[in-house]
Structure formats: C-alpha cells, structure tokens
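Data first, discussion second: the structure below is written as structure tokens.
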Amino acid sequence: MYWKYVVRRLLYAALIMVVCVFVFSLLFNTVADKVLRAQIDEQVKGELTQLAKANPNMHQEQRMAIREERTARLYERFHLNESMVSRVMFRTWSSLKFDFGESMQMKSMAGSTKVNTILFERVPRTLLLFGVAAVFDIVLGVWLGLVKARRAGKTMDRSTDIVTMIVFGLPGWWLGMMLIMLFAFAIPIFPSSAMHSSPPPAQALGYFLDLMWHLALPVITLILLGFWGRAYVTRNLVLSTLQEDFIMSARARGLSERRILFGHTLRAAAPPIVTMSLLALVVSIGGALVFEGIFSWPGLGNLYWQAVQQNDVPVLMGDLTVTTALFIAALAFLDLVYGFLDPRVKVGGKA
C-alpha cells in the first residue's frame with residue numbers, strides 16, 4: 001500500500017539525516033571543543049568583571065573559586081568533561097533539535113547572535129532565489145522540449161541542440177560574471193549584487209519591486225544554465241514515449257496529435273521529468289555557495305562562505321545541518337511524488 005511506502009521512505013530519510021549530522025559532529029568535534037571552551041572562558045570573565053564591580057572588596061581567592069566553580073558547571077552542562085563519544089552524541093542530538101547555540105562572530109540583521117536566528121533568516125532567501133528560477137526553468141524547459149519533440153529532426157530542433165551543447169559546457173560562475181558585466185555595467189539594466197537597494201523602499205509595493213529587480217539577473221542566469229538541458233532531456237523522453245503501443249492505439253482512434261502529446265505522452269513521461277526537475281533544484285541549492293557569492297545574495301551559500309572566513313564553527317555546523325535537511329527532504333519528497341505518479345512502481349508491495 002502507498003502509506004507503507006511513505007512511512008518507509010520517511011524513516012529512511014530520518015536515518016540518513018541522523019547519520020549525516022553524526023558525521024558532521026565528529027568532523028567538527030575538536031574545533032567545536034576549542035570554540036566552546038573559549039566561549040565559556042569569555043562568559044566567565046564577563047561574569048567576574050560584573051561581580052568585581054558590584055563587590056570591589058572581594059578577595060582574589062574568592063574570585064578564583066567562583067571562576068573555577070562556574071567554569072566546571074558550564075563544562076558539565078556542555079559535556080566538555082566527558083568522553084569524546086559523549087560529546088559527539090551530545091552535539092548530534094543538539095543539531096538534530098536545531099539547537100546550535102550562539103555564534104562566535106556573526107549576527108543576524110536584527111543583531112541577534114543566536115545561530116537559529118541567523119540561519120532561518122537566510123533560508124527563505126535561498127529558497128526564493130532557486131525556487132523562482134526552478135519554476136521558470138521547468139516551465140520553459142518542458143515547453144521547449146515538447147516543441148522540439150513535435151519538430152524532431154527539423155531546423156529548430158537541430159539549432160537548439162547546438163545551443164544546448166554550448167550552454168551546457170559553460171561554467172555557472174563564468175556566465176554569471178559575464179551577465180553582470182553586460183547588464184550591470186555595460187548596459188546598466190539590473191543591479192550587480194545584493195537583495196535590496198540601500199536603503200530599501202519603505203512602501204510595500206516599492207519594496208517588492210525592488211526585490212524583483214535585484215532578483216532578476218541571478219534568476220536569468222540560472223534559467224539560461226538550466227532550461228536548455230532540461231528541454232533536450234524532455235525532448236528525448238517524449239520521443240521515446242511516442243513509440244509506445246498506447247500512443248499508436250491513440251492515433252488509431254483518430255485523436256489529434258496535440259491531444260496525444262499533451263494528454264497521453266506528457267502524462268506518461270511526467271515521472272522522469274519531475275525527477276529531473278526536483279533533482280536539478282536540489283543540486284542548485286547545494287551549489288549555492290559559489291553562485292550566491294557571485295551575486296552577493298544573502299542566502300545559505302553566502303552565509304557558509306562568510307562563516308568559513310570568520311571561522312565561526314557554530315554557524316558552519318548549523319548551515320551544514322540545515323542544507324542537508326533541505327537536501328534530504330527534497331529527495332524524500334521526490335520519492336513520494338515518483339511513487340504517486342508512476343503506476344509501474346510497486347509501492348509497498350512485492351515484485
């Protein structure tokens with residue numbers, strides 16, 4: 001049954017998430033220990049400074065005793081006085097609860113040092129950029145692929161194949177820089193970077209239009225990089241489906257080619273097209289590090305690069321965990337959609 005298939009896939013996704021976070025915690029264990037000890041030392045020093053101002057007659061021995069007691073208590077709280085295995089398990093559980101603690105260097109737009117606030121301020125921006133690009137990419141790619149399939153072997157089909165091969169070989173960072181030079185400097189139509197003007201418009205409509213203006217150039221770059229290849233794959237999938245027996249039967253019943261193409265062929269080819277589209281979205285989010293850096297887009301990729309430069313381990317750990325969660329959630333959703341769309345998949349049953 002389908003619900004058994006759903007439960008099994010969700011359990012697999014949860015297991016993969018636990019394993020990935022455990023590996024991250026293990027890799028970051030030594031550095032995280034040093035960072036946490038430094039944060040505890042700074043916190044205890046600050047508390048002693050405030051205590052010394054409130055009690056100027058306190059003896060040095062009393063301050064040292066308070067410092068040792070407070071440090072020991074914080075070490076026990078964060079499991080620093082336990083074995084490495086215990087510390088790794090503690091960090092794994094904290095990360096799975098999305099409890100990443102405080103940032104060392106970075107702050108959110110509102111000035112908060114909580115890693116959760118910093119991260120979830122960036123997540124919608126990354127999803128906005130790559131989500132909007134994916135929608136246009138999929139629509140244009142599927143439409144062009146259908147047109148190419150209807151005119152297979154003709155001039156339009158061959159010419160777009162040449163363009164596909166050229167674009168497919170272009171590095172994304174290079175195309176992004178070329179479009180910035182062309183449309184931001186040579187022909188100043190779009191801004192070269194950032195998400196809003198400085199300062200952003202105060203009115204809601206102006207704020208939205210300013211966001212769309214800044215979003216346009218990176219979205220155009222992503223569309224140009226993706227939809228040609230998607231059209232080529234869609235064209236081949238549709239041509240393969242057109243050779244099936246049920247298509248021949250539909251033609252024999254006198255159905256129009258347009259109805260056959262959109263009503264029968266596209267529906268049968270939908271599962272691999274959906275698979276290709278969702279995988280492209282997942283891969284693009286994973287490659288956001290370079291792309292967001294080029295356009296100075298304040299998303300998860302740009303945040304990761306900034307955290308690496310500032311050696312901010314809590315933010316790095318949080319960014320990796322959230323990115324991995326998005327990746328695994330997208331793959332799980334892909335499995336569920338594929339199982340729902342493709343009747344040939346024996347979900348929850350025996351072969």
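A note on labels: chains of the structure tokens are A, B, ... as shown, every chain counts residues from 1, and ligands are counted from 1 in their shown order.
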Within 9 Å of A:Pro272, counting only C-alpha atoms, which residues qualify if same-chain residues fewer than 5 places away don't, as a tab-separated table (two decimals) with C-alpha atoms, in the first residue's frame?
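Output below, filename around28.tsv:
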chain	number	residue	atom	x	y	z
A	234	THR	CA	12.37	16.31	-22.18
A	237	LEU	CA	11.80	11.36	-23.12
A	277	SER	CA	13.35	18.91	-12.24
A	338	TYR	CA	7.50	9.44	-8.05
Kindly assemble as CSV a list of the stretch 90-207 of chain A residues that lie within 12 Å of stretch 76-80 of chain A, each paired with its nearest atom pair and their distance in Å to one decimal, using only C-alpha atoms, sorted first by chain and then by ascending residue number.
residue,atom,partner,partner_atom,distance
A:Phe90,CA,A:His79,CA,7.4
A:Arg91,CA,A:Phe78,CA,9.0
A:Ser94,CA,A:Phe78,CA,10.5
A:Gly101,CA,A:Phe78,CA,10.7
Spatial neighbours of A:Leu217, max dist 8 Å, only C-alpha atoms, sep filter under 3 positions, as a tab-separated table (two decimals) with C-alpha atoms, in the first residue's frame:
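Final output, saved to selection22.tsv:
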chain	number	residue	atom	x	y	z
A	179	LEU	CA	25.97	38.74	-17.37
A	180	ILE	CA	26.93	41.05	-14.51
A	190	PHE	CA	19.98	45.37	-13.35
A	191	PRO	CA	21.94	45.80	-10.11
A	192	SER	CA	25.11	43.72	-9.83
A	213	TRP	CA	14.69	43.99	-9.72
A	214	HIS	CA	17.58	42.56	-7.71
A	220	ILE	CA	18.03	34.83	-15.58
A	221	THR	CA	21.48	33.29	-15.13
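Those residues that approach stretch 105-117 of chain A to within 10 Å, counting only C-alpha atoms, are A:Phe98, A:Asp99, A:Leu303, A:Gln306, A:Ala307, A:Gln310, A:Asn311, A:Asp312, A:Val313, A:Pro314, A:Val315, A:Leu316, A:Met317, A:Gly318, A:Asp319, A:Val322; same-chain residues fewer than 6 positions away are not listed.
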message: Set the distance at 10 Å and use only C-alpha atoms: which residues neighbour A:Val132 once local chain neighbours fewer than 2 positions away are removed? I'd like the list as an MDAnalysis selection string.
response: chainID A and resid 127:130 134:137 215:216 219 222:223
Suppose we keep N, CA and C atoms; can you now write the selection as a short mmCIF file (atom, residue, chain, number, x, y, z; two decimals), in the first residue's frame?
data_model
loop_
_atom_site.label_atom_id
_atom_site.label_comp_id
_atom_site.auth_asym_id
_atom_site.auth_seq_id
_atom_site.Cartn_x
_atom_site.Cartn_y
_atom_site.Cartn_z
N LEU A 127 15.71 29.80 -0.78
CA LEU A 127 14.56 29.14 -1.42
C LEU A 127 13.87 30.05 -2.42
N LEU A 128 13.82 31.34 -2.13
CA LEU A 128 13.21 32.29 -3.06
C LEU A 128 13.99 32.32 -4.37
N LEU A 129 15.30 32.48 -4.28
CA LEU A 129 16.12 32.58 -5.48
C LEU A 129 16.02 31.32 -6.34
N PHE A 130 16.30 30.16 -5.73
CA PHE A 130 16.35 28.93 -6.52
C PHE A 130 14.95 28.39 -6.81
N ALA A 134 13.70 27.79 -10.52
CA ALA A 134 13.28 26.43 -10.88
C ALA A 134 11.92 26.43 -11.58
N VAL A 135 11.01 27.27 -11.13
CA VAL A 135 9.68 27.33 -11.75
C VAL A 135 9.80 27.73 -13.22
N PHE A 136 10.50 28.84 -13.47
CA PHE A 136 10.68 29.28 -14.87
C PHE A 136 11.48 28.26 -15.67
N ASP A 137 12.49 27.69 -15.04
CA ASP A 137 13.34 26.70 -15.69
C ASP A 137 12.52 25.50 -16.15
N LEU A 215 16.41 40.44 -7.99
CA LEU A 215 16.30 39.00 -8.20
C LEU A 215 16.44 38.63 -9.67
N ALA A 216 16.18 39.57 -10.57
CA ALA A 216 16.07 39.27 -11.99
C ALA A 216 17.35 38.68 -12.58
N VAL A 219 18.30 35.13 -11.40
CA VAL A 219 17.31 34.17 -11.89
C VAL A 219 17.52 33.93 -13.38
N LEU A 222 20.42 31.55 -13.82
CA LEU A 222 20.06 30.16 -13.50
C LEU A 222 19.18 29.55 -14.59
N ILE A 223 18.27 30.33 -15.14
CA ILE A 223 17.39 29.81 -16.21
C ILE A 223 18.20 29.47 -17.45
#
